$ cat protein_23.csv   # CSV, C-alpha atoms and all ligand atoms
chain,number,residue,atom,x,y,z
A,276,MET,CA,-80.7,98.7,-151.0
A,277,ILE,CA,-78.9,95.5,-151.9
A,278,ARG,CA,-81.0,92.4,-151.5
A,279,ARG,CA,-79.3,89.2,-150.5
A,280,ASN,CA,-80.1,86.3,-152.9
A,281,ALA,CA,-82.1,88.6,-155.2
A,282,PRO,CA,-83.5,86.5,-158.0
A,283,PRO,CA,-81.5,86.8,-161.2
A,284,PRO,CA,-82.7,89.0,-164.1
A,285,SER,CA,-84.3,87.5,-167.1
A,286,THR,CA,-82.2,85.0,-169.1
A,287,ALA,CA,-80.1,86.3,-172.0
A,288,MET,CA,-81.7,85.9,-175.4
A,289,GLN,CA,-79.9,83.8,-178.0
A,290,THR,CA,-80.7,83.4,-181.7
A,291,VAL,CA,-83.0,80.5,-182.8
A,292,GLY,CA,-80.2,79.8,-185.3
A,293,PRO,CA,-80.8,78.5,-188.8
A,294,PHE,CA,-82.4,75.2,-187.8
A,295,PHE,CA,-85.7,76.1,-186.1
A,296,PRO,CA,-87.7,72.9,-186.8
A,297,SER,CA,-90.7,72.9,-189.0
A,298,SER,CA,-92.3,70.6,-186.4
A,299,LEU,CA,-92.6,73.7,-184.2
A,300,ALA,CA,-94.0,75.9,-186.9
A,301,GLU,CA,-97.0,73.7,-187.8
A,302,PRO,CA,-99.1,75.3,-190.6
A,303,ALA,CA,-102.1,75.2,-188.2
A,304,LEU,CA,-100.4,77.8,-186.0
A,305,ALA,CA,-100.8,80.4,-188.8
A,306,THR,CA,-104.6,80.1,-188.6
A,307,LEU,CA,-106.0,82.2,-185.7
A,308,THR,CA,-109.7,81.8,-186.6
A,309,ARG,CA,-111.8,78.9,-185.4
A,310,GLU,CA,-115.2,77.8,-186.6
A,311,GLY,CA,-117.7,80.3,-185.2
A,312,HIS,CA,-115.4,83.3,-184.6
A,313,ALA,CA,-116.7,86.8,-184.5
A,314,GLY,CA,-115.9,89.4,-187.1
A,315,GLU,CA,-114.4,89.6,-190.6
A,316,ALA,CA,-111.9,86.9,-191.5
A,317,ILE,CA,-108.9,88.3,-193.4
A,318,TRP,CA,-105.5,87.3,-194.6
A,319,LEU,CA,-102.6,89.1,-193.0
A,320,THR,CA,-99.7,88.5,-195.4
A,321,GLY,CA,-96.3,89.9,-195.6
A,322,ASP,CA,-92.9,89.8,-197.1
A,323,ILE,CA,-89.7,90.1,-195.1
A,324,ALA,CA,-86.3,90.9,-196.3
A,325,ASP,CA,-82.9,91.6,-194.8
A,326,GLU,CA,-80.1,93.7,-196.2
A,327,SER,CA,-79.3,91.1,-198.8
A,328,GLY,CA,-82.8,90.2,-200.0
A,329,PRO,CA,-85.7,87.9,-199.1
A,330,PHE,CA,-85.5,86.4,-195.7
A,331,ARG,CA,-86.2,82.7,-195.9
A,332,ASN,CA,-87.2,80.7,-192.8
A,333,ALA,CA,-88.0,83.7,-190.7
A,334,ILE,CA,-90.4,82.9,-187.8
A,335,LEU,CA,-93.1,85.5,-187.4
A,336,GLU,CA,-95.3,85.5,-184.3
A,337,LEU,CA,-98.5,87.5,-184.3
A,338,SER,CA,-100.4,88.8,-181.3
A,339,GLN,CA,-103.6,90.7,-181.7
A,340,ALA,CA,-107.1,91.5,-180.2
A,341,ASP,CA,-110.2,89.8,-181.4
A,342,ALA,CA,-112.8,91.4,-183.7
A,343,LYS,CA,-114.4,93.2,-180.7
A,344,GLY,CA,-111.0,94.5,-179.5
A,345,ARG,CA,-110.7,92.2,-176.5
A,346,VAL,CA,-107.3,90.8,-175.8
A,347,ALA,CA,-106.4,87.3,-174.6
A,348,GLY,CA,-107.8,86.6,-171.2
A,349,ASP,CA,-110.3,89.5,-171.2
A,350,ARG,CA,-113.8,88.7,-170.0
A,351,GLY,CA,-115.9,87.8,-173.1
A,352,ALA,CA,-112.8,87.2,-175.2
A,353,ASP,CA,-113.8,85.3,-178.4
A,354,LYS,CA,-113.4,81.5,-177.6
A,355,HIS,CA,-113.2,80.8,-181.3
A,356,PHE,CA,-110.2,83.0,-181.8
A,357,ALA,CA,-106.5,82.2,-181.0
A,358,PHE,CA,-105.1,85.7,-180.2
A,359,TRP,CA,-101.6,84.4,-181.2
A,360,GLY,CA,-100.2,82.7,-184.2
A,361,ARG,CA,-96.9,81.7,-185.8
A,362,ALA,CA,-95.9,81.5,-189.5
A,363,ALA,CA,-92.6,80.8,-191.2
A,364,SER,CA,-91.5,82.7,-194.3
A,365,ASP,CA,-90.9,80.9,-197.6
A,366,GLY,CA,-88.0,81.1,-200.0
A,367,ALA,CA,-89.3,84.5,-201.2
A,368,GLY,CA,-89.7,85.8,-197.7
A,369,GLN,CA,-93.5,85.6,-197.9
A,370,PHE,CA,-95.7,84.6,-195.0
A,371,ALA,CA,-99.5,84.5,-194.3
A,372,PHE,CA,-101.8,84.4,-191.3
A,373,ARG,CA,-105.5,83.7,-191.5
A,374,THR,CA,-107.0,85.9,-188.9
A,375,VAL,CA,-109.6,88.6,-188.2
A,376,LEU,CA,-109.6,92.3,-188.5
A,377,PRO,CA,-109.2,93.2,-184.8
A,378,GLY,CA,-111.4,95.8,-183.2
A,379,PRO,CA,-110.1,99.0,-181.5
A,380,SER,CA,-109.1,98.1,-177.9
A,381,ALA,CA,-108.8,99.8,-174.6
A,382,ASP,CA,-105.3,100.4,-173.2
A,383,PRO,CA,-103.8,102.4,-170.3
A,384,ALA,CA,-101.9,104.5,-173.0
A,385,GLY,CA,-105.2,105.5,-174.6
A,386,PRO,CA,-107.6,103.9,-177.1
A,387,ARG,CA,-105.7,101.7,-179.5
A,388,ALA,CA,-106.4,101.5,-183.2
A,389,PRO,CA,-106.7,98.0,-184.6
A,390,CYS,CA,-103.2,96.6,-184.8
A,391,PHE,CA,-101.2,93.5,-185.4
A,392,GLU,CA,-98.1,92.9,-183.1
A,393,LEU,CA,-95.3,91.0,-184.8
A,394,LEU,CA,-92.3,89.4,-183.2
A,395,ILE,CA,-89.6,88.2,-185.6
A,396,LEU,CA,-87.2,85.4,-184.9
A,397,GLY,CA,-84.5,83.9,-187.2
A,398,SER,CA,-80.9,83.1,-187.7
A,399,GLY,CA,-78.8,86.1,-186.7
A,400,ILE,CA,-81.6,87.8,-184.8
A,401,MET,CA,-80.0,87.9,-181.3
A,402,ARG,CA,-82.5,90.0,-179.4
A,403,ARG,CA,-86.2,90.7,-179.2
A,404,LEU,CA,-87.3,92.2,-182.5
A,405,ALA,CA,-90.8,93.5,-182.3
A,406,THR,CA,-93.0,95.8,-184.4
A,407,CYS,CA,-96.7,96.4,-185.2
A,408,PHE,CA,-98.8,97.1,-188.2
A,409,PHE,CA,-102.0,99.0,-188.6
A,410,PRO,CA,-104.8,98.9,-191.2
A,411,PRO,CA,-104.4,101.3,-194.1
A,412,GLY,CA,-105.4,104.9,-193.2
A,413,THR,CA,-104.7,104.6,-189.5
A,414,THR,CA,-103.7,107.9,-188.0
A,415,GLN,CA,-104.7,107.9,-184.3
A,416,ASP,CA,-102.9,105.5,-182.0
A,417,PRO,CA,-100.7,106.0,-179.0
A,418,VAL,CA,-98.0,103.6,-180.3
A,419,LEU,CA,-98.1,105.0,-183.8
A,420,ARG,CA,-97.5,108.4,-182.3
A,421,CYS,CA,-94.2,107.2,-180.9
A,422,VAL,CA,-92.9,106.7,-184.4
A,423,PRO,CA,-91.4,109.7,-186.3
A,424,ALA,CA,-94.1,111.0,-188.7
A,425,ALA,CA,-92.0,110.3,-191.8
A,426,LEU,CA,-91.7,106.6,-190.8
A,427,ARG,CA,-95.3,105.9,-189.9
A,428,PRO,CA,-96.4,104.9,-193.4
A,429,ARG,CA,-93.9,101.9,-193.1
A,430,LEU,CA,-96.2,100.5,-190.3
A,431,LEU,CA,-99.3,100.7,-192.4
A,432,LEU,CA,-100.6,97.6,-194.1
A,433,ARG,CA,-101.4,97.8,-197.8
A,434,ASP,CA,-104.7,96.7,-199.3
A,435,ALA,CA,-103.7,93.8,-201.5
A,436,GLY,CA,-107.0,92.8,-202.9
A,437,LYS,CA,-108.6,89.5,-202.1
A,438,ARG,CA,-107.3,86.0,-201.5
A,439,GLY,CA,-109.8,83.1,-201.5
A,440,GLY,CA,-112.7,85.6,-201.2
A,441,LEU,CA,-111.1,87.3,-198.1
A,442,ARG,CA,-109.7,90.7,-197.8
A,443,ARG,CA,-105.9,90.6,-197.8
A,444,LEU,CA,-103.7,93.1,-195.9
A,445,HIS,CA,-100.0,93.1,-196.6
A,446,ALA,CA,-97.0,94.1,-194.5
A,447,THR,CA,-93.7,95.0,-195.9
A,448,ILE,CA,-90.9,94.2,-193.4
A,449,ARG,CA,-87.3,95.4,-194.0
A,450,LEU,CA,-84.9,94.5,-191.2
A,451,HIS,CA,-81.9,96.6,-192.2
A,452,GLY,CA,-81.3,99.5,-194.7
A,453,ALA,CA,-82.6,102.8,-195.9
A,454,ASP,CA,-86.2,101.5,-196.0
A,455,GLU,CA,-86.1,99.6,-192.7
A,456,THR,CA,-89.1,99.0,-190.6
A,457,PRO,CA,-89.4,100.8,-187.3
A,458,PHE,CA,-88.9,98.4,-184.4
A,459,PHE,CA,-89.7,98.9,-180.7
A,460,ARG,CA,-87.6,98.5,-177.6
A,461,ASP,CA,-90.0,97.0,-175.1
B,28,MET,CA,-96.7,93.2,-163.3
B,29,ARG,CA,-93.7,95.3,-164.3
B,30,HIS,CA,-91.9,94.5,-167.6
B,31,ASP,CA,-88.7,96.6,-167.6
B,32,PRO,CA,-86.4,96.2,-170.6
B,33,PRO,CA,-83.5,93.8,-169.7
B,34,ARG,CA,-80.2,95.3,-168.7
B,35,GLU,CA,-77.9,95.9,-171.7
B,36,ARG,CA,-75.0,93.9,-170.3
B,37,ASP,CA,-77.3,90.8,-169.8
B,38,GLN,CA,-78.3,90.7,-173.4
B,39,PRO,CA,-76.2,89.8,-176.5
B,40,THR,CA,-74.4,92.4,-178.6
B,41,PRO,CA,-76.7,92.2,-181.7
B,42,VAL,CA,-74.0,92.2,-184.3
B,43,ILE,CA,-71.4,89.4,-184.2
B,44,GLU,CA,-68.3,89.3,-186.3
B,45,GLY,CA,-68.1,86.2,-188.4
B,46,TYR,CA,-71.9,85.7,-188.3
B,47,PRO,CA,-73.0,87.8,-191.3
B,48,ASN,CA,-76.8,87.3,-190.7
B,49,THR,CA,-76.5,89.3,-187.5
B,50,ALA,CA,-75.5,92.5,-189.4
B,51,ARG,CA,-78.0,91.9,-192.2
B,52,ARG,CA,-80.9,91.4,-189.8
B,53,THR,CA,-80.2,94.0,-187.1
B,54,PRO,CA,-81.9,97.3,-187.6
B,55,ALA,CA,-79.5,100.2,-188.1
B,56,ALA,CA,-81.9,102.7,-186.4
B,57,LYS,CA,-82.3,102.8,-182.7
B,58,LEU,CA,-85.3,100.9,-181.4
B,59,LEU,CA,-88.2,103.2,-180.5
B,60,ARG,CA,-89.7,103.6,-177.1
B,61,ARG,CA,-93.4,103.1,-176.6
B,62,PRO,CA,-95.8,102.5,-173.8
B,63,LEU,CA,-96.0,98.7,-173.6
B,64,PRO,CA,-99.4,97.7,-175.1
B,65,ARG,CA,-101.7,95.6,-172.9
B,66,LEU,CA,-101.9,93.4,-176.0
B,67,LEU,CA,-98.4,92.2,-175.0
B,68,THR,CA,-98.9,91.8,-171.3
B,69,ALA,CA,-102.3,90.1,-171.1
B,70,GLY,CA,-103.3,86.5,-171.4
B,71,ALA,CA,-101.9,83.1,-170.7
B,72,ALA,CA,-99.5,81.3,-172.9
B,73,PRO,CA,-101.2,80.4,-176.2
B,74,ALA,CA,-102.9,77.0,-176.4
B,75,MET,CA,-100.6,74.8,-178.6
B,76,PRO,CA,-100.5,71.1,-179.4
B,77,LEU,CA,-98.0,69.6,-176.9
B,78,ALA,CA,-95.7,66.7,-177.7
B,79,SER,CA,-94.1,65.6,-174.5
B,80,ILE,CA,-92.0,62.7,-175.6
B,81,ASP,CA,-88.7,61.1,-174.9
B,82,MET,CA,-86.5,62.7,-177.5
B,83,ALA,CA,-84.0,60.0,-176.7
B,84,GLU,CA,-86.4,57.3,-177.9
B,85,ALA,CA,-88.4,58.6,-180.9
B,86,VAL,CA,-89.1,54.9,-181.7
B,87,PRO,CA,-90.1,53.2,-178.4
B,88,GLY,CA,-87.6,50.5,-177.5
B,89,LYS,CA,-85.0,52.0,-179.9
B,90,PRO,CA,-82.8,54.4,-178.0
B,91,ALA,CA,-81.1,57.2,-179.9
B,92,MET,CA,-77.3,57.3,-180.0
B,93,GLY,CA,-75.6,59.5,-177.4
B,94,SER,CA,-75.5,60.1,-173.6
B,95,ARG,CA,-79.0,59.9,-172.2
B,96,ILE,CA,-79.8,63.0,-170.1
B,97,MET,CA,-82.7,64.5,-168.2
B,98,VAL,CA,-82.9,68.3,-167.8
B,99,GLN,CA,-85.0,69.4,-164.8
B,100,LEU,CA,-86.1,72.8,-165.9
B,101,ARG,CA,-87.7,75.5,-163.9
B,102,VAL,CA,-89.4,78.5,-165.5
B,103,VAL,CA,-89.6,81.5,-163.2
B,104,ASP,CA,-90.3,85.2,-163.4
B,105,GLU,CA,-87.9,87.9,-162.2
B,106,ASP,CA,-89.1,87.6,-158.7
B,107,GLY,CA,-88.1,83.9,-158.8
B,108,ARG,CA,-91.7,82.7,-158.8
B,109,GLY,CA,-92.5,79.6,-160.9
B,110,VAL,CA,-94.5,80.3,-164.1
B,111,PRO,CA,-97.3,77.8,-164.4
B,112,ASP,CA,-98.4,76.5,-167.8
B,113,ALA,CA,-95.6,78.1,-169.7
B,114,VAL,CA,-95.1,76.5,-173.1
B,115,VAL,CA,-91.5,75.4,-173.6
B,116,GLU,CA,-90.2,74.4,-177.0
B,117,ILE,CA,-87.0,72.5,-177.3
B,118,TRP,CA,-84.8,71.5,-180.3
B,119,HIS,CA,-81.2,70.5,-180.7
B,120,ALA,CA,-78.7,68.6,-182.7
B,121,ASN,CA,-78.3,64.8,-182.4
B,122,ALA,CA,-75.2,63.3,-180.7
B,123,ALA,CA,-73.2,63.6,-183.9
B,124,GLY,CA,-74.0,67.3,-184.1
B,125,ARG,CA,-76.5,67.1,-186.9
B,126,TYR,CA,-80.0,68.7,-187.0
B,127,ASP,CA,-82.9,67.0,-188.6
B,128,HIS,CA,-83.5,70.0,-190.8
B,129,PRO,CA,-83.2,70.4,-194.6
B,130,ALA,CA,-80.9,73.4,-194.2
B,131,ASP,CA,-78.3,71.5,-192.2
B,132,PRO,CA,-75.4,70.7,-194.6
B,133,ALA,CA,-73.4,68.8,-192.0
B,134,ARG,CA,-71.6,65.6,-193.1
B,135,ALA,CA,-72.4,64.1,-189.6
B,136,PRO,CA,-75.2,61.4,-189.8
B,137,LEU,CA,-78.9,61.6,-189.0
B,138,ASP,CA,-80.2,59.3,-186.3
B,139,ARG,CA,-83.8,58.2,-187.0
B,140,HIS,CA,-84.2,57.1,-183.3
B,141,PHE,CA,-83.7,60.7,-182.2
B,142,ARG,CA,-86.5,63.1,-182.2
B,143,GLY,CA,-85.1,66.6,-182.7
B,144,SER,CA,-87.8,68.7,-181.1
B,145,ALA,CA,-90.5,68.7,-178.4
B,146,ARG,CA,-93.1,71.1,-176.9
B,147,VAL,CA,-94.0,70.7,-173.2
B,148,ALA,CA,-95.9,72.8,-170.7
B,149,SER,CA,-94.6,73.6,-167.2
B,150,ASP,CA,-96.5,72.5,-164.1
B,151,ARG,CA,-98.0,74.6,-161.4
B,152,GLU,CA,-94.6,75.4,-159.9
B,153,GLY,CA,-93.1,76.2,-163.3
B,154,ARG,CA,-91.3,72.8,-163.5
B,155,LEU,CA,-90.9,70.4,-166.3
B,156,ALA,CA,-88.5,67.5,-167.2
B,157,LEU,CA,-86.9,67.1,-170.5
B,158,HIS,CA,-85.7,63.6,-171.6
B,159,THR,CA,-83.2,63.6,-174.4
B,160,ILE,CA,-79.6,62.9,-175.3
B,161,LYS,CA,-76.6,65.2,-175.0
B,162,PRO,CA,-76.3,67.0,-178.3
B,163,GLY,CA,-73.0,67.1,-180.2
B,164,ALA,CA,-71.0,70.2,-181.2
B,165,TYR,CA,-71.1,71.2,-184.8
B,166,PRO,CA,-69.3,73.4,-187.2
B,167,VAL,CA,-71.2,76.6,-188.2
B,168,PRO,CA,-71.9,76.4,-192.0
B,169,ASP,CA,-69.8,78.7,-194.1
B,170,SER,CA,-68.1,80.3,-191.1
B,171,GLY,CA,-64.5,79.2,-191.5
B,172,GLN,CA,-63.4,77.5,-188.4
B,173,TRP,CA,-66.2,78.3,-185.9
B,174,TRP,CA,-67.9,75.5,-184.1
B,175,ARG,CA,-70.9,75.7,-181.8
B,176,PRO,CA,-70.4,74.0,-178.4
B,177,ALA,CA,-73.1,71.5,-177.4
B,178,HIS,CA,-76.3,73.4,-176.7
B,179,ILE,CA,-80.0,73.0,-176.4
B,180,HIS,CA,-82.4,75.6,-177.9
B,181,PHE,CA,-85.3,76.8,-175.8
B,182,SER,CA,-88.3,78.9,-176.8
B,183,VAL,CA,-90.6,79.8,-174.0
B,184,LEU,CA,-94.1,81.4,-174.1
B,185,GLY,CA,-95.3,82.6,-170.7
B,186,ARG,CA,-98.1,84.9,-169.6
B,187,GLY,CA,-98.2,87.9,-172.0
B,188,ALA,CA,-96.3,88.0,-175.3
B,189,VAL,CA,-93.7,90.4,-173.9
B,190,THR,CA,-92.3,87.6,-171.6
B,191,ARG,CA,-91.2,85.7,-174.7
B,192,LEU,CA,-87.8,84.1,-174.3
B,193,VAL,CA,-85.7,82.5,-176.9
B,194,THR,CA,-82.3,81.2,-175.6
B,195,GLN,CA,-79.9,78.3,-175.5
B,196,MET,CA,-78.6,76.1,-172.7
B,197,TYR,CA,-75.0,75.1,-172.5
B,198,PHE,CA,-73.0,72.4,-170.6
B,199,ALA,CA,-70.4,73.1,-167.9
B,200,SER,CA,-66.7,72.4,-168.3
B,201,ASP,CA,-66.9,72.7,-172.1
B,202,PRO,CA,-63.7,74.4,-173.5
B,203,MET,CA,-65.7,75.3,-176.6
B,204,LEU,CA,-67.7,77.9,-174.7
B,205,GLU,CA,-64.8,80.2,-174.7
B,206,TRP,CA,-64.6,80.0,-178.4
B,207,ASP,CA,-68.2,80.4,-179.2
B,208,ARG,CA,-69.2,83.8,-180.7
B,209,ILE,CA,-72.9,83.4,-179.7
B,210,TRP,CA,-72.3,82.5,-176.0
B,211,LEU,CA,-69.6,85.2,-175.8
B,212,SER,CA,-71.9,87.8,-177.3
B,213,VAL,CA,-73.5,88.3,-173.9
B,214,PRO,CA,-71.1,90.8,-172.1
B,215,ASP,CA,-71.9,90.0,-168.5
B,216,ALA,CA,-70.1,86.9,-167.3
B,217,GLN,CA,-72.8,86.0,-164.8
B,218,ALA,CA,-75.5,86.3,-167.4
B,219,ARG,CA,-73.4,83.9,-169.6
B,220,ALA,CA,-72.9,81.6,-166.6
B,221,ARG,CA,-76.7,81.5,-166.1
B,222,MET,CA,-77.1,79.9,-169.5
B,223,VAL,CA,-75.0,76.9,-168.4
B,224,ALA,CA,-76.8,74.0,-166.9
B,225,THR,CA,-75.9,72.5,-163.5
B,226,GLN,CA,-75.1,68.8,-163.5
B,227,LEU,CA,-76.1,66.7,-160.5
B,228,PRO,CA,-73.6,64.1,-159.2
B,229,PRO,CA,-75.1,60.8,-160.3
B,230,HIS,CA,-75.3,59.6,-156.7
B,231,GLU,CA,-77.3,62.7,-155.7
B,232,ALA,CA,-79.8,62.4,-158.6
B,233,PRO,CA,-83.4,61.9,-157.4
B,234,ILE,CA,-84.2,58.3,-156.7
B,235,THR,CA,-87.3,58.4,-158.9
B,236,THR,CA,-85.0,59.1,-161.8
B,237,ASP,CA,-84.3,56.6,-164.5
B,238,ILE,CA,-80.8,55.8,-163.4
B,239,GLU,CA,-79.6,55.5,-167.0
B,240,ARG,CA,-79.6,59.3,-167.4
B,241,LEU,CA,-77.2,62.0,-166.5
B,242,VAL,CA,-79.3,64.7,-164.6
B,243,PHE,CA,-79.0,68.4,-165.1
B,244,THR,CA,-80.9,71.3,-163.6
B,245,HIS,CA,-81.5,74.6,-165.3
B,246,THR,CA,-83.6,77.7,-164.7
B,247,LEU,CA,-85.1,80.0,-167.3
B,248,VAL,CA,-86.0,83.4,-166.1
B,249,LEU,CA,-88.8,85.2,-168.0
B,250,ARG,CA,-89.3,88.9,-167.9
B,251,GLY,CA,-91.8,90.4,-165.4
B,252,ARG,CA,-91.9,91.1,-161.7
B,253,GLU,CA,-94.6,92.1,-159.2
B,254,GLU,CA,-92.4,94.2,-156.9
B,255,THR,CA,-90.4,97.3,-157.5
B,256,PRO,CA,-86.7,96.4,-158.1
B,257,PRO,CA,-84.2,97.6,-155.5
B,258,ALA,CA,-82.8,101.1,-156.1
A,501,FE,FE,-78.0,75.2,-182.6
$ encode --input "protein_23.csv" --output "structure tokens" --more "lines below"
Ligand SMILES: [Fe+2]
Amino acid sequence: MIRRNAPPPSTAMQTVGPFFPSSLAEPALATLTREGHAGEAIWLTGDIADESGPFRNAILELSQADAKGRVAGDRGADKHFAFWGRAASDGAGQFAFRTVLPGPSADPAGPRAPCFELLILGSGIMRRLATCFFPPGTTQDPVLRCVPAALRPRLLLRDAGKRGGLRRLHATIRLHGADETPFFRD
Amino acid sequence: MRHDPPRERDQPTPVIEGYPNTARRTPAAKLLRRPLPRLLTAGAAPAMPLASIDMAEAVPGKPAMGSRIMVQLRVVDEDGRGVPDAVVEIWHANAAGRYDHPADPARAPLDRHFRGSARVASDREGRLALHTIKPGAYPVPDSGQWWRPAHIHFSVLGRGAVTRLVTQMYFASDPMLEWDRIWLSVPDAQARARMVATQLPPHEAPITTDIERLVFTHTLVLRGREETPPA
């Protein structure tokens, strides 16, 4: 059936280019915790590199559940938690979010392990570039199962000691090359 | 809500000749399929500090250089329904084609009366108005002889992170479009045309409008639809 005046499909993506303003990546957006949040506060850190080395000025956007596994908009979702954050990478490709360790969550695809969804934007990234990371040792998860077994370790965070008294989990993101991170087509 | 992947021909070819970052930053492996996590479809747009200002007048009473414009934006889903409370982020070069950004090596001058970015929320019908100046074209750094046509960058956060849109808006009747590798990277001509704003004849602009502005309308379509698409 051809519909007359069918609404157009979603607008084409275009790169953010090299000049995404720092005024739109305020440091405050990298802190998802608010005073009085539930659960264990952690640092989610990472380093991102492209084929030629550290990726400076990448924009990373984090989506995750709260400490009890509720997602944004759920009844009882933690009012002292932001569910979404944004961080920019520095000259060494390093970035950091102050967040909580999410709880396991319910999902139509099955029970989800705690996970951190990351969207990556930057000069030369023309399309949606999305992946997700899991705490060390995660084995059971319906999304992780979609990843070839040999590549699953690339989506596991590494325990990186403590920073400012908080547990630090670290993501290694490689956009292109032999050790590249698995990404999802959503 | 359904969130089908966009049609291939409506989205850019990820690797663009003459834009080396595209090859360095595009995964070589095929993207993996997965069931879309509820984590990405639930929830409203994140709460963010808004800065709805006149970009054409960063200092009140001191207009920026350039043609004053208003862009009447509408944010809709794939059923054409307005998306309320979407967060729309805007940034662009000044009238001389210079970004207020430390990485911009352009020789063109900065304009301290121009505010290079804003963050605004859509209203209940998905509408918002953007007050700014028409940006200038600029040469792409280290690219040889490639210039970007005048364009405005948009970043939109709607309901559910999977609706995330990052795009650019272009201006009609610009010969530079046909030379721009980024605009041309979208294979479908209609999809390219939908990135070009519509200009209203000045005598048809809304009477409530500040008459010292050229008026454009533009629609940004986020992913997601309620109904089943036609077969
Ligand atoms: Fe630009």
$ closest_atom_pairs --input "protein_23.csv" --of "chain B" --to "ligand FE 501 (chain A)" --cutoff "12 Å" --atoms "only C-alpha atoms and all ligand atoms" --output "CSV"
residue,atom,partner,partner_atom,distance
B:Ile117,CA,A:FE501,FE,10.8
B:Trp118,CA,A:FE501,FE,8.1
B:His119,CA,A:FE501,FE,6.0
B:Ala120,CA,A:FE501,FE,6.6
B:Asn121,CA,A:FE501,FE,10.4
B:Gly124,CA,A:FE501,FE,9.0
B:Arg125,CA,A:FE501,FE,9.3
B:Tyr126,CA,A:FE501,FE,8.1
B:Asp127,CA,A:FE501,FE,11.3
B:His128,CA,A:FE501,FE,11.2
B:Asp131,CA,A:FE501,FE,10.3
B:Gly143,CA,A:FE501,FE,11.2
B:Ser144,CA,A:FE501,FE,11.9
B:Pro162,CA,A:FE501,FE,9.4
B:Gly163,CA,A:FE501,FE,9.8
B:Ala164,CA,A:FE501,FE,8.7
B:Tyr165,CA,A:FE501,FE,8.3
B:Pro166,CA,A:FE501,FE,10.0
B:Val167,CA,A:FE501,FE,8.9
B:Pro168,CA,A:FE501,FE,11.3
B:Trp174,CA,A:FE501,FE,10.2
B:Arg175,CA,A:FE501,FE,7.2
B:Pro176,CA,A:FE501,FE,8.8
B:Ala177,CA,A:FE501,FE,8.0
B:His178,CA,A:FE501,FE,6.4
B:Ile179,CA,A:FE501,FE,6.9
B:His180,CA,A:FE501,FE,6.5
B:Phe181,CA,A:FE501,FE,10.1
B:Thr194,CA,A:FE501,FE,10.2
B:Gln195,CA,A:FE501,FE,8.0
B:Met196,CA,A:FE501,FE,10.0
B:Tyr197,CA,A:FE501,FE,10.5
B:Asp207,CA,A:FE501,FE,11.6
B:Ile209,CA,A:FE501,FE,10.1
B:Trp210,CA,A:FE501,FE,11.4
$ write_last_selection --input "protein_23.csv" --atoms "C-alpha atoms" --output "PDB file, in the coordinates of the input"
ATOM      1  CA  ILE B 117     -87.000  72.500-177.300  1.00  0.00           C
ATOM      2  CA  TRP B 118     -84.800  71.500-180.300  1.00  0.00           C
ATOM      3  CA  HIS B 119     -81.200  70.500-180.700  1.00  0.00           C
ATOM      4  CA  ALA B 120     -78.700  68.600-182.700  1.00  0.00           C
ATOM      5  CA  ASN B 121     -78.300  64.800-182.400  1.00  0.00           C
ATOM      6  CA  GLY B 124     -74.000  67.300-184.100  1.00  0.00           C
ATOM      7  CA  ARG B 125     -76.500  67.100-186.900  1.00  0.00           C
ATOM      8  CA  TYR B 126     -80.000  68.700-187.000  1.00  0.00           C
ATOM      9  CA  ASP B 127     -82.900  67.000-188.600  1.00  0.00           C
ATOM     10  CA  HIS B 128     -83.500  70.000-190.800  1.00  0.00           C
ATOM     11  CA  ASP B 131     -78.300  71.500-192.200  1.00  0.00           C
ATOM     12  CA  GLY B 143     -85.100  66.600-182.700  1.00  0.00           C
ATOM     13  CA  SER B 144     -87.800  68.700-181.100  1.00  0.00           C
ATOM     14  CA  PRO B 162     -76.300  67.000-178.300  1.00  0.00           C
ATOM     15  CA  GLY B 163     -73.000  67.100-180.200  1.00  0.00           C
ATOM     16  CA  ALA B 164     -71.000  70.200-181.200  1.00  0.00           C
ATOM     17  CA  TYR B 165     -71.100  71.200-184.800  1.00  0.00           C
ATOM     18  CA  PRO B 166     -69.300  73.400-187.200  1.00  0.00           C
ATOM     19  CA  VAL B 167     -71.200  76.600-188.200  1.00  0.00           C
ATOM     20  CA  PRO B 168     -71.900  76.400-192.000  1.00  0.00           C
ATOM     21  CA  TRP B 174     -67.900  75.500-184.100  1.00  0.00           C
ATOM     22  CA  ARG B 175     -70.900  75.700-181.800  1.00  0.00           C
ATOM     23  CA  PRO B 176     -70.400  74.000-178.400  1.00  0.00           C
ATOM     24  CA  ALA B 177     -73.100  71.500-177.400  1.00  0.00           C
ATOM     25  CA  HIS B 178     -76.300  73.400-176.700  1.00  0.00           C
ATOM     26  CA  ILE B 179     -80.000  73.000-176.400  1.00  0.00           C
ATOM     27  CA  HIS B 180     -82.400  75.600-177.900  1.00  0.00           C
ATOM     28  CA  PHE B 181     -85.300  76.800-175.800  1.00  0.00           C
ATOM     29  CA  THR B 194     -82.300  81.200-175.600  1.00  0.00           C
ATOM     30  CA  GLN B 195     -79.900  78.300-175.500  1.00  0.00           C
ATOM     31  CA  MET B 196     -78.600  76.100-172.700  1.00  0.00           C
ATOM     32  CA  TYR B 197     -75.000  75.100-172.500  1.00  0.00           C
ATOM     33  CA  ASP B 207     -68.200  80.400-179.200  1.00  0.00           C
ATOM     34  CA  ILE B 209     -72.900  83.400-179.700  1.00  0.00           C
ATOM     35  CA  TRP B 210     -72.300  82.500-176.000  1.00  0.00           C
TER      36      TRP B 210
END
$ closest_residue --input "protein_23.csv" --among "B:Val213, B:Met222, B:Ala85, B:Ile234" --to "Met401 in chain A" --atoms "all atoms listed in the file"
B:Val213
$ residues_around --input "protein_23.csv" --residues "Thr406 in chain A" --least-positions-apart "5" --cutoff "9 Å" --atoms "only C-alpha atoms" --output "PyMOL selection string"
chain A and resi 391-395+430+456-459
